[in-house]
Each structure stands twice: as C-alpha cells, then as structure tokens.
Amino acid sequence: MAKVTRDDVARLAGTSTAVVSYVINNGPRPVAPATRERVLAAIKQLGYRPDRVAQAMASRRTDLIGLIVPDARQPFFGEMSHAVEQAAAERGKMVLVGNSDYLQEREIHYLRAFLGMRVSGLILVSQGLGETAAAEIEAWDARIVLLHERTEAENEFAVVTDDIGGAQLAVRHLLEHGYTDVACVGGMDFTPTIGDPVTDHIEGWRRAMQEAGLPTEGKVFQAPYNRYDAYKVGLELLSRPDRPRALFCSTDDQAIGILRAARELRIDVPGELAVAGFDDVKEAGLTDPPLTTVASDRQAMARAAVDLVLDDGLRVAGARRERLRQFPSRLVLRRSCGCS
C-alpha cells in the first residue's frame, strides 16, 4: 500500500498542503473551523500520520524538549520533571529526561544525545556548565535554560526560587521557638560554591544565625542528598553527646533521613530535637511527625522554564534581571519544628 502523503490529505480536503500543515502543527496561521474539520476528517479517513523525522529535518527542530536532572529518583526532581512535562504538553511538546547522577560526564553525554535529536531546547538542572558543555551548546545553537540552579554567567537564562530567603525563613522560625543551638545539614565536597541551591540554603542558615548573634563555626554537617545516606549521617550525628537541639536540613530528603534516624535512636521530635527541611516534597506531609519545610512554586517555575526555552522573543540581549526569573519561597509549618 502506498504511503499516504500530505498532498493526499490536501486533495481530499479540497485545500492546500500549507493549510494541512497549519492544522497539523496548530499554526503558525489560523485556519477556519470548517476547513479545519475537513482536514481532520481527511486525515482520519486516509489514516495519515505526519513524518516527524522529516519535519525535524526541514525545520531543524523537533517537538521535543530535553530535560537533564541530577537524579529523578529523588522526589524533588521527580516532581519538578513532572511539572516540566505538564508545562511542555501545554505548548504541544514532549520531554526527554536524562539523569546525570551529579556527574558532569553523564550530563555532557545527555547534552550531546539530546542535541543530536534536534530538541527544541534544553532545560538543565546542572552542576555547572563547563567548557565542554558550553562548546557543545554553542556548536548546535541550542536554546538553554537553567532550572533550580544558576551560574554567574551573564548570557544564561535561569529560573530559580529564593533559596537564601527561604532558608532564612525556616531558621528564623526555629530560633523563634527558642532553639539557640540550630545546626545545618548541608551538601558534599562536590557541591558548587556559586549558584547551587544547597550552598544558598547554607548561606541563608548562616545569615539567620548571625542576625541572632549566634555562632555558626563547626555547625555545618555534610550529608548526601538522598534520605538513605542522610539517615546514616543522622545516626552518627544524633548519637553524639553534644548533638544539636535543632537541625535545618538543606533538602527534605535529608530531613526525612534524619527523622528516621531519630526514631531509631528513640529521640523525640520535636520534644528533644526540632527538624526543618527545604523543598516541600509531597512526602514531607506524611512523615512522623509531619515535616516543617520551605516550599517553592514548582509548577510556575516549570512553566517559566518552558516558556523561556521555546520563545525566541524572550531570548534577546538584556539586563541580568530579565534573564533570571526568581520565584519566592514560603514556609510550611508542621509539627517537626515544635508547632502544634
């Protein structure tokens, strides 16, 4: 059986191939409702299927957006990936997801793979774009938006939340409860010192402590971002005779691991230990006790990232503030901090 072409659809619908293209791609020009119905009926009758590969070769772009995250197994990145997928679907796009596992070589691997697929753009939760990644992006003339993390480069677009301010909200709240010994569970040796959310969370903790005139020296404890390894760190930290009275954790996953360690060590939360996190993943409301945390508007951030990566009009040279979209953080109060 001969392959059905766009010419066949146009002939049956009594219109031009250009109009058929407008219907299939939902633009760029409007089509009268009656004409649209004739084209759709012809497509259904003939069983026509658009050749997406041919379209990509002609337009040099596909209907795909590449999304690279450190680890989609972590609830925060899983929820963020889902929000990006929803926002992309609203724009008629699909999302390819790659996990870098916090390794730059894997990030570059997915970067090259997605660019080779002629994605419409890339959204990166990156540990920092090195020279190799920057060269790949420039060679392919790709549209790039950083999400959740940022760099200091003036020519990069980024969508972030107010990480420093959000951490300050959480730590100030712990201090208002009367806890003066508030320690911080931070990142690892590989955590970037600029533009990384965890680094900013630690900075927010430090600022809140300094505002209260309290010491910070020796009160930052490293822990992996996943709950399982954070649980192991928690067992060691909470077994110390000088364990802190309150802990601000840079991620909810870390906080969930700490809560599990506290339960195993029979430490009452919040009676003997107050805990706060950052991210407000869905499971934060299901821990025992429910976790006080800092929330960000992931849906709005995802929509902003998709809009930036798809809209040429937003990618004009301009001031830094036009390239950095920062969304506010808000404190979500639950029982782990001592609130009833």
# chains A, B, ... in the order shown; residues from 1 in each chain; ligands from 1
$ residues_around --residues "segment 264-277 of chain A" --least-positions-apart "4" --cutoff "8 Å" --atoms "only C-alpha atoms" --output "PyMOL selection string"
chain A and resi 170+174+235+238-239+244-252+254-255+259-260+289+291-294+335-338
$ write_last_selection --atoms "C-alpha atoms" --output "PDB file, in the first residue's frame"
ATOM      1  CA  ALA A 170      12.989  28.352  58.273  1.00  0.00           C
ATOM      2  CA  LEU A 174      13.360  27.633  64.677  1.00  0.00           C
ATOM      3  CA  LEU A 235      22.627   8.044  63.245  1.00  0.00           C
ATOM      4  CA  LEU A 238      22.391  12.250  66.793  1.00  0.00           C
ATOM      5  CA  SER A 239      24.411   9.709  68.799  1.00  0.00           C
ATOM      6  CA  PRO A 244      22.262  19.977  68.408  1.00  0.00           C
ATOM      7  CA  ARG A 245      18.817  20.896  69.716  1.00  0.00           C
ATOM      8  CA  ALA A 246      17.536  21.762  66.239  1.00  0.00           C
ATOM      9  CA  LEU A 247      18.523  20.894  62.672  1.00  0.00           C
ATOM     10  CA  PHE A 248      17.869  22.796  59.465  1.00  0.00           C
ATOM     11  CA  CYS A 249      18.312  20.377  56.564  1.00  0.00           C
ATOM     12  CA  SER A 250      19.114  21.692  53.087  1.00  0.00           C
ATOM     13  CA  THR A 251      16.712  19.214  51.445  1.00  0.00           C
ATOM     14  CA  ASP A 252      13.598  17.370  52.554  1.00  0.00           C
ATOM     15  CA  GLN A 254      17.967  14.753  54.134  1.00  0.00           C
ATOM     16  CA  ALA A 255      15.391  15.740  56.751  1.00  0.00           C
ATOM     17  CA  LEU A 259      13.747  11.815  61.203  1.00  0.00           C
ATOM     18  CA  ARG A 260      14.203   8.079  60.589  1.00  0.00           C
ATOM     19  CA  PRO A 289       5.876  13.978  62.775  1.00  0.00           C
ATOM     20  CA  LEU A 291       7.940  17.983  58.402  1.00  0.00           C
ATOM     21  CA  THR A 292       8.173  21.762  58.580  1.00  0.00           C
ATOM     22  CA  THR A 293       9.765  22.871  55.331  1.00  0.00           C
ATOM     23  CA  VAL A 294      10.187  25.576  52.702  1.00  0.00           C
ATOM     24  CA  ARG A 335       4.872  19.592  63.810  1.00  0.00           C
ATOM     25  CA  SER A 336       8.554  18.706  63.399  1.00  0.00           C
ATOM     26  CA  CYS A 337       9.639  22.216  64.440  1.00  0.00           C
ATOM     27  CA  GLY A 338       7.513  22.271  67.588  1.00  0.00           C
TER      28      GLY A 338
END
$ select_by_dssp --residues "segment 237-313 of chain A" --states "strand (DSSP E or B)" --output "ChimeraX atom specification"
/A:246-249,274-276,279,292-295
$ closest_atom_pairs --of "segment 29-54 of chain A" --to "segment 2-16 of chain A" --cutoff "7 Å" --atoms "only C-alpha atoms" --output "Markdown table"
| residue | atom | partner | partner_atom | distance |
| --- | --- | --- | --- | --- |
| A:Arg38 | CA | A:Ala13 | CA | 5.4 |
| A:Val39 | CA | A:Ala13 | CA | 5.3 |
| A:Ala42 | CA | A:Val9 | CA | 5.6 |
| A:Ile43 | CA | A:Val9 | CA | 6.1 |
| A:Leu46 | CA | A:Val4 | CA | 6.9 |
| A:Tyr48 | CA | A:Val4 | CA | 5.7 |
$ residues_around --residues "Arg206 of chain A" --least-positions-apart "5" --cutoff "12 Å" --atoms "only C-alpha atoms" --output "PDB file with C-alpha atoms, in the first residue's frame"
ATOM      1  CA  ILE A 164      18.676  32.103  50.648  1.00  0.00           C
ATOM      2  CA  GLY A 165      15.500  33.868  51.732  1.00  0.00           C
ATOM      3  CA  ALA A 167      16.351  29.140  54.367  1.00  0.00           C
ATOM      4  CA  GLN A 168      16.330  32.293  56.462  1.00  0.00           C
ATOM      5  CA  LEU A 169      12.575  31.910  56.988  1.00  0.00           C
ATOM      6  CA  ALA A 170      12.989  28.352  58.273  1.00  0.00           C
ATOM      7  CA  VAL A 171      15.926  29.086  60.580  1.00  0.00           C
ATOM      8  CA  ARG A 172      14.354  32.256  61.973  1.00  0.00           C
ATOM      9  CA  VAL A 182      20.499  25.246  65.394  1.00  0.00           C
ATOM     10  CA  ALA A 183      22.883  23.227  63.227  1.00  0.00           C
ATOM     11  CA  CYS A 184      22.739  22.831  59.441  1.00  0.00           C
ATOM     12  CA  VAL A 185      22.831  19.658  57.357  1.00  0.00           C
ATOM     13  CA  GLY A 186      24.449  20.789  54.104  1.00  0.00           C
ATOM     14  CA  THR A 199      25.009  26.325  49.022  1.00  0.00           C
ATOM     15  CA  ASP A 200      22.394  29.085  49.189  1.00  0.00           C
ATOM     16  CA  HIS A 201      20.450  27.198  51.871  1.00  0.00           C
ATOM     17  CA  GLU A 211      21.326  38.063  62.736  1.00  0.00           C
ATOM     18  CA  ALA A 212      20.547  36.432  66.086  1.00  0.00           C
ATOM     19  CA  GLY A 213      24.159  36.802  67.246  1.00  0.00           C
ATOM     20  CA  LEU A 214      24.665  33.037  67.391  1.00  0.00           C
ATOM     21  CA  PRO A 215      27.813  31.109  66.385  1.00  0.00           C
ATOM     22  CA  THR A 216      27.988  29.034  63.216  1.00  0.00           C
ATOM     23  CA  GLU A 217      31.503  27.619  63.448  1.00  0.00           C
ATOM     24  CA  GLY A 218      31.524  23.818  63.366  1.00  0.00           C
ATOM     25  CA  LYS A 219      27.750  23.578  62.989  1.00  0.00           C
ATOM     26  CA  VAL A 220      27.514  22.576  59.309  1.00  0.00           C
ATOM     27  CA  PHE A 248      17.869  22.796  59.465  1.00  0.00           C
TER      28      PHE A 248
END
$ select_by_dssp --residues "segment 30-199 of chain A" --states "helix (DSSP H, G or I)" --output "VMD selection string"
chain A and resid 33 to 46 52 to 59 75 to 90 104 to 116 131 to 140 163 to 176 197 to 199
$ write_last_selection --atoms "C-alpha atoms" --output "CSV table (one decimal), in the first residue's frame"
chain,number,residue,atom,x,y,z
A,33,PRO,CA,-13.2,26.0,11.7
A,34,ALA,CA,-15.0,24.4,8.8
A,35,THR,CA,-11.7,24.0,6.9
A,36,ARG,CA,-10.0,22.5,9.9
A,37,GLU,CA,-12.8,20.0,10.2
A,38,ARG,CA,-12.5,18.9,6.6
A,39,VAL,CA,-8.7,18.5,7.0
A,40,LEU,CA,-9.2,16.4,10.2
A,41,ALA,CA,-11.8,14.3,8.6
A,42,ALA,CA,-9.5,13.6,5.6
A,43,ILE,CA,-6.6,12.7,8.0
A,44,LYS,CA,-8.8,10.2,9.7
A,45,GLN,CA,-10.3,8.8,6.5
A,46,LEU,CA,-6.8,8.3,4.9
A,52,ARG,CA,8.1,13.8,12.4
A,53,VAL,CA,11.6,12.9,11.3
A,54,ALA,CA,11.1,14.7,8.0
A,55,GLN,CA,9.6,17.7,9.8
A,56,ALA,CA,12.6,17.9,12.1
A,57,MET,CA,15.0,17.7,9.1
A,58,ALA,CA,13.1,20.5,7.4
A,59,SER,CA,12.7,22.8,10.4
A,75,PRO,CA,11.2,13.2,45.0
A,76,PHE,CA,12.0,16.9,44.3
A,77,PHE,CA,13.5,16.2,40.9
A,78,GLY,CA,10.7,13.7,40.1
A,79,GLU,CA,8.1,16.3,40.9
A,80,MET,CA,10.0,19.0,39.0
A,81,SER,CA,10.3,16.7,36.0
A,82,HIS,CA,6.5,16.1,36.1
A,83,ALA,CA,5.8,19.8,36.3
A,84,VAL,CA,8.1,20.4,33.2
A,85,GLU,CA,6.3,17.7,31.3
A,86,GLN,CA,2.9,19.2,32.1
A,87,ALA,CA,4.1,22.7,31.1
A,88,ALA,CA,5.6,21.3,27.8
A,89,ALA,CA,2.4,19.5,27.0
A,90,GLU,CA,0.5,22.8,27.2
A,104,GLN,CA,29.5,16.1,34.6
A,105,GLU,CA,30.5,13.4,32.0
A,106,ARG,CA,26.9,12.0,32.2
A,107,GLU,CA,25.5,15.5,31.8
A,108,ILE,CA,27.5,16.0,28.7
A,109,HIS,CA,26.5,12.6,27.4
A,110,TYR,CA,22.8,13.5,27.6
A,111,LEU,CA,23.5,17.0,26.3
A,112,ARG,CA,25.1,15.6,23.1
A,113,ALA,CA,22.4,13.0,22.7
A,114,PHE,CA,19.5,15.4,23.1
A,115,LEU,CA,21.1,18.0,20.8
A,116,GLY,CA,21.7,15.3,18.2
A,131,GLU,CA,33.9,24.4,28.8
A,132,THR,CA,33.0,21.2,27.0
A,133,ALA,CA,29.2,21.6,27.6
A,134,ALA,CA,29.4,25.3,26.6
A,135,ALA,CA,31.2,24.4,23.4
A,136,GLU,CA,28.6,21.7,22.5
A,137,ILE,CA,25.7,24.2,23.1
A,138,GLU,CA,27.3,26.9,21.0
A,139,ALA,CA,28.0,24.5,18.2
A,140,TRP,CA,24.4,23.4,18.0
A,163,ASP,CA,16.8,29.8,48.2
A,164,ILE,CA,18.7,32.1,50.6
A,165,GLY,CA,15.5,33.9,51.7
A,166,GLY,CA,13.6,30.6,52.2
A,167,ALA,CA,16.4,29.1,54.4
A,168,GLN,CA,16.3,32.3,56.5
A,169,LEU,CA,12.6,31.9,57.0
A,170,ALA,CA,13.0,28.4,58.3
A,171,VAL,CA,15.9,29.1,60.6
A,172,ARG,CA,14.4,32.3,62.0
A,173,HIS,CA,11.3,30.2,62.8
A,174,LEU,CA,13.4,27.6,64.7
A,175,LEU,CA,15.0,30.5,66.6
A,176,GLU,CA,11.6,31.9,67.5
A,197,PRO,CA,20.6,25.8,46.0
A,198,VAL,CA,22.2,23.8,48.8
A,199,THR,CA,25.0,26.3,49.0
$ residues_around --residues "Ile144 of chain A" --least-positions-apart "3" --cutoff "9 Å" --atoms "only C-alpha atoms" --output "list in words"
Gly121, Leu122, Ile123, Leu124, Ile137, Glu156, Phe157, Ala158, Leu308 and Val309 of chain A
$ write_last_selection --atoms "N, CA and C atoms" --output "tab-separated table (two decimals), in the first residue's frame"
chain	number	residue	atom	x	y	z
A	121	GLY	N	14.79	22.68	22.61
A	121	GLY	CA	15.56	23.39	23.61
A	121	GLY	C	15.92	22.46	24.75
A	122	LEU	N	16.75	22.94	25.64
A	122	LEU	CA	17.22	22.14	26.77
A	122	LEU	C	16.96	22.87	28.08
A	123	ILE	N	16.43	22.14	29.05
A	123	ILE	CA	16.28	22.65	30.42
A	123	ILE	C	17.22	21.83	31.29
A	124	LEU	N	18.12	22.49	31.97
A	124	LEU	CA	19.16	21.80	32.72
A	124	LEU	C	19.09	22.12	34.20
A	137	ILE	N	26.92	23.37	23.25
A	137	ILE	CA	25.72	24.19	23.13
A	137	ILE	C	25.90	25.24	22.05
A	156	GLU	N	23.28	33.51	30.35
A	156	GLU	CA	22.48	32.32	30.59
A	156	GLU	C	21.13	32.69	31.21
A	157	PHE	N	20.10	31.96	30.81
A	157	PHE	CA	18.77	32.14	31.37
A	157	PHE	C	18.60	31.15	32.51
A	158	ALA	N	17.97	31.59	33.59
A	158	ALA	CA	17.79	30.72	34.75
A	158	ALA	C	16.45	31.00	35.41
A	308	LEU	N	10.61	30.12	28.44
A	308	LEU	CA	11.90	30.71	28.07
A	308	LEU	C	12.61	29.89	27.00
A	309	VAL	N	12.53	28.57	27.13
A	309	VAL	CA	13.28	27.73	26.19
A	309	VAL	C	12.64	27.67	24.81
$ atom_distance --atom1 "atom CA of Leu64 of chain A" --atom2 "atom CA of Met94 of chain A"
4.9 Å
$ closest_residue --among "A:Asp242, A:Asp253, A:Asp71, A:Asp196" --to "Val281 of chain A" --atoms "only C-alpha atoms"
A:Asp253
$ atom_distance --atom1 "atom CA of Val159 of chain A" --atom2 "atom CA of Pro70 of chain A"
16.3 Å
